[in-house]
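Structure, as structure tokens:
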Amino acid sequence: MTAPLTLDAAGRGILAELAGVDERTRLLTARLQALPETAEVERLEAADEERQRLARRARGDERGRSATLWRLTRDAANMRARRRRDIEGLRANPDTERRRDLRHDLAVAERRLAELTDEIAREQRTLEAFGASDGPGHEGPVEDPALVQARAEQQAVVRDLTGQITDLEHRSRELREALPPQILALYRDGERDHGVGAAPLLGSSCGACFIDLDAVTLRRFAAAPADEVLTCPECGVLLLRDTAR
Ligand SMILES: [Zn+2]
């Protein structure tokens, strides 16, 4: 059996600080990835997109309605011309049978014209209700002020967090350089395999894998000298003891 790794009080202090610094970095990184400010920006962006989609559709409907109105107006003009021809025919034609046909045609034209007049009025009311086509100015995307504000707030929070993370990472590098290479290697193994380089002993369980350690191990840990480096027998992660403080 190889001699246990040891770490003096200064080294234990560095290890404890490093574990704390890296834990804080993980915490801030997780916060950065799940910012309520980002969720708010995404919510407003989705709402803005929906608003613009509806505006585009409304503009399309408006154009469709304008075309309808144009068609109805044209049909009404045709029908008025037909009515005029019927009336002129009636005035000029003495033939009874021909006059009966013309009167019938005139009645049809009158009825159709009345329908068209109603349809035109309805179409115009709909157009007015939609604010009608007030020309250009509607086309450009109008940025929601709430979205602009939310983006500014999100950027401020992101800047603050990334600034803190950068400082912590700088400190982490300094502390790593101050650790003995063997300890640093163990620390990196823990990070790679378990997401943490070192973990506190939480009562009788490991703070990295959360497995309850057996009584024999716990007795051994309790009896170990302060400078002995302890690792979890289950996951191999470096264990921090209160004595490090
Ligand atoms: Zn463990």
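Order determines the names: the first chain of the structure tokens is A, the second B, and so forth; residues in each chain are numbered 1 upward, and ligands are numbered 1 upward as they are shown.
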**OP:** Could you give me, as a list of chain:residue names, every polymer residue with an atom at most 6 Å away from an atom of ligand 1, counting only C-alpha atoms and all ligand atoms?
**Re:** A:Cys206, A:Ala208, A:Cys209, A:Cys232, A:Glu234, A:Cys235, A:Val237
Give me a file of those residues, with N, CA and C atoms, as a compact mmCIF listing (two decimals), in the first residue's frame.
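Writing the result to out_38.txt gives the following:
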```txt
# COMPACT_ATOMS: atom_id res chain seq x y z
N CYS A 206 -20.75 11.33 1.28
CA CYS A 206 -19.86 12.09 0.41
C CYS A 206 -20.67 13.20 -0.28
N ALA A 208 -20.06 14.56 -3.02
CA ALA A 208 -20.02 14.46 -4.48
C ALA A 208 -20.98 13.39 -4.97
N CYS A 209 -20.89 12.19 -4.41
CA CYS A 209 -21.74 11.10 -4.90
C CYS A 209 -22.93 10.83 -3.97
N CYS A 232 -13.12 9.96 -1.40
CA CYS A 232 -14.29 9.12 -1.20
C CYS A 232 -14.00 7.72 -1.76
N GLU A 234 -16.03 5.57 -2.63
CA GLU A 234 -17.05 5.23 -3.63
C GLU A 234 -16.78 5.90 -4.98
N CYS A 235 -16.52 7.23 -4.96
CA CYS A 235 -16.36 7.96 -6.23
C CYS A 235 -14.95 8.50 -6.45
N VAL A 237 -13.58 11.17 -5.27
CA VAL A 237 -13.45 12.63 -5.21
C VAL A 237 -12.75 13.04 -3.90
```
Residue contacts of Gln33 of chain A (12 Å, only C-alpha atoms) excluding same-chain residues fewer than 6 positions away, as a compact mmCIF listing (two decimals) with C-alpha atoms, in the first residue's frame:
```
# COMPACT_ATOMS: atom_id res chain seq x y z
CA ARG A 26 -20.91 26.57 -11.41
CA LEU A 27 -23.73 28.30 -9.54
CA ALA A 39 -37.09 34.01 -20.30
CA GLN A 154 -30.96 41.03 -19.68
CA VAL A 157 -27.44 40.99 -15.81
CA VAL A 158 -25.43 38.91 -18.30
CA LEU A 161 -22.62 37.61 -14.17
CA THR A 162 -20.00 37.04 -16.86
```
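Residues of segment 133-241 of chain A carrying a DSSP assignment of strand (DSSP E or B), computed from the backbone, are Ala198, Ala199, Pro200, Leu201, Leu202, Ser205, Cys206, Asp212, Glu228, Leu230, Thr231, Leu238, Leu239 and Leu240 of chain A.
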Subject >> Selected residue of minimal separation from Arg85 of chain A among A:Leu106, A:Ala215, A:Leu202, A:Leu69, counting only C-alpha atoms >> reply: A:Leu106
Original post:
Taking into account only C-alpha atoms, which residue in the set A:Leu127, A:Leu218, A:Val21, A:Ile165 is nearest to Leu230 of chain A?
Top reply: A:Leu218
Original post:
So which residues of segment 47-241 of chain A fall under alpha helix (DSSP H) by DSSP, listed as number ranges by chain?
Top reply: A: 47-92, 96-129, 145-178, 181-194, 215-223
**OP:** Write out as an NGL selection string the residues lying within 8 Å of Ser204 of chain A, counting only C-alpha atoms and excluding same-chain residues fewer than 6 positions away.
**Re:** :A and (212-214 or 218)
Take the residues from that selection and put them in a file with N, CA and C atoms, as a PDB file, in the first residue's frame.
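Contents of again.pdb, freshly written:
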```pdb
ATOM      1  N   ASP A 212     -23.739   7.028   1.380  1.00  0.00           N
ATOM      2  CA  ASP A 212     -23.442   6.914   2.813  1.00  0.00           C
ATOM      3  C   ASP A 212     -22.212   6.032   2.984  1.00  0.00           C
ATOM      4  N   LEU A 213     -21.218   6.592   3.650  1.00  0.00           N
ATOM      5  CA  LEU A 213     -19.979   5.820   3.825  1.00  0.00           C
ATOM      6  C   LEU A 213     -20.124   4.873   5.009  1.00  0.00           C
ATOM      7  N   ASP A 214     -19.425   3.731   4.879  1.00  0.00           N
ATOM      8  CA  ASP A 214     -19.565   2.719   5.934  1.00  0.00           C
ATOM      9  C   ASP A 214     -18.829   3.144   7.204  1.00  0.00           C
ATOM     10  N   LEU A 218     -15.566   5.697   7.980  1.00  0.00           N
ATOM     11  CA  LEU A 218     -15.774   6.899   8.804  1.00  0.00           C
ATOM     12  C   LEU A 218     -14.837   6.911  10.008  1.00  0.00           C
TER      13      LEU A 218
END
```
Surrounding residues of Val148 of chain A excluding itself and chain neighbours under 6 positions, 10 Å, only C-alpha atoms, as an mmCIF file with N, CA, C and O atoms, in the first residue's frame:
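So around-v3.cif came out as:
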```
data_model
loop_
_atom_site.group_PDB
_atom_site.id
_atom_site.type_symbol
_atom_site.label_atom_id
_atom_site.label_comp_id
_atom_site.auth_asym_id
_atom_site.auth_seq_id
_atom_site.Cartn_x
_atom_site.Cartn_y
_atom_site.Cartn_z
ATOM 1 N N VAL A 41 -37.275 38.046 -22.100
ATOM 2 C CA VAL A 41 -36.952 38.496 -23.463
ATOM 3 C C VAL A 41 -37.548 37.521 -24.479
ATOM 4 O O VAL A 41 -38.185 37.933 -25.455
ATOM 5 N N LEU A 44 -41.330 37.994 -24.683
ATOM 6 C CA LEU A 44 -41.698 39.209 -25.408
ATOM 7 C C LEU A 44 -41.385 39.080 -26.896
ATOM 8 O O LEU A 44 -42.132 39.593 -27.726
ATOM 9 N N GLU A 45 -40.289 38.382 -27.208
ATOM 10 C CA GLU A 45 -39.951 38.177 -28.621
ATOM 11 C C GLU A 45 -41.029 37.352 -29.317
ATOM 12 O O GLU A 45 -41.425 37.652 -30.440
ATOM 13 N N GLN A 154 -31.617 42.338 -19.536
ATOM 14 C CA GLN A 154 -30.962 41.029 -19.682
ATOM 15 C C GLN A 154 -29.458 41.214 -19.912
ATOM 16 O O GLN A 154 -28.637 40.545 -19.281
#
```
Can you write out as JSON lines which residues of segment 90-170 of chain A fall within 12 Å of segment 13-19 of chain A, alongside each residue's closest atom pair and its distance in Å to one decimal, counting only C-alpha atoms and ordering rows by chain and ascending residue number?
```
{"residue": "A:Leu168", "atom": "CA", "partner": "A:Leu18", "partner_atom": "CA", "distance": 9.5}
{"residue": "A:Glu169", "atom": "CA", "partner": "A:Leu18", "partner_atom": "CA", "distance": 10.0}
{"residue": "A:His170", "atom": "CA", "partner": "A:Leu18", "partner_atom": "CA", "distance": 11.0}
```
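Counting only C-alpha atoms, the residue from A:Pro36, A:Pro225, A:Gly190, A:Gly195 that sits nearest to Arg151 of chain A is A:Pro36.
Here atom CA of Ala156 of chain A is placed at a distance of 21.2 Å from atom CA of Ala46 of chain A.
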Distance query Leu186 of chain A at most 12 Å, only C-alpha atoms, self and fewer than 3 positions along chain excluded, as a JSON list (two decimals) with C-alpha atoms, in the first residue's frame:
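Output file selection16.json is given in full below:
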```json
[["chain", "number", "residue", "atom", "x", "y", "z"],
["A", 5, "LEU", "CA", -1.13, 11.72, 0.11],
["A", 15, "LEU", "CA", -8.01, 23.35, -1.84],
["A", 176, "ARG", "CA", -4.77, 25.51, -9.19],
["A", 179, "LEU", "CA", -1.77, 23.18, -5.55],
["A", 180, "PRO", "CA", 0.65, 20.23, -5.60],
["A", 181, "PRO", "CA", 0.40, 18.48, -9.01],
["A", 182, "GLN", "CA", -0.83, 15.17, -7.55],
["A", 183, "ILE", "CA", -3.68, 16.90, -5.71],
["A", 189, "ASP", "CA", -10.39, 13.68, -12.23],
["A", 190, "GLY", "CA", -13.24, 14.58, -9.89],
["A", 191, "GLU", "CA", -14.33, 17.43, -12.14],
["A", 192, "ARG", "CA", -14.22, 15.22, -15.21],
["A", 193, "ASP", "CA", -16.03, 12.24, -13.67],
["A", 194, "HIS", "CA", -18.34, 13.80, -11.10],
["A", 196, "VAL", "CA", -16.78, 18.58, -8.74],
["A", 197, "GLY", "CA", -13.07, 18.59, -7.95],
["A", 198, "ALA", "CA", -13.51, 18.29, -4.19],
["A", 199, "ALA", "CA", -16.55, 17.85, -1.99],
["A", 229, "VAL", "CA", -5.65, 13.74, 1.93],
["A", 230, "LEU", "CA", -8.97, 11.89, 2.03],
["A", 231, "THR", "CA", -10.86, 10.68, -1.01],
["A", 232, "CYS", "CA", -14.29, 9.12, -1.20],
["A", 235, "CYS", "CA", -16.36, 7.96, -6.23],
["A", 236, "GLY", "CA", -12.73, 8.90, -5.59],
["A", 237, "VAL", "CA", -13.45, 12.63, -5.21],
["A", 238, "LEU", "CA", -11.24, 14.61, -2.81],
["A", 239, "LEU", "CA", -13.02, 15.11, 0.49]]
```
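We find atom CA of Leu147 of chain A and atom CA of Thr25 of chain A to be spaced 29.0 Å apart.
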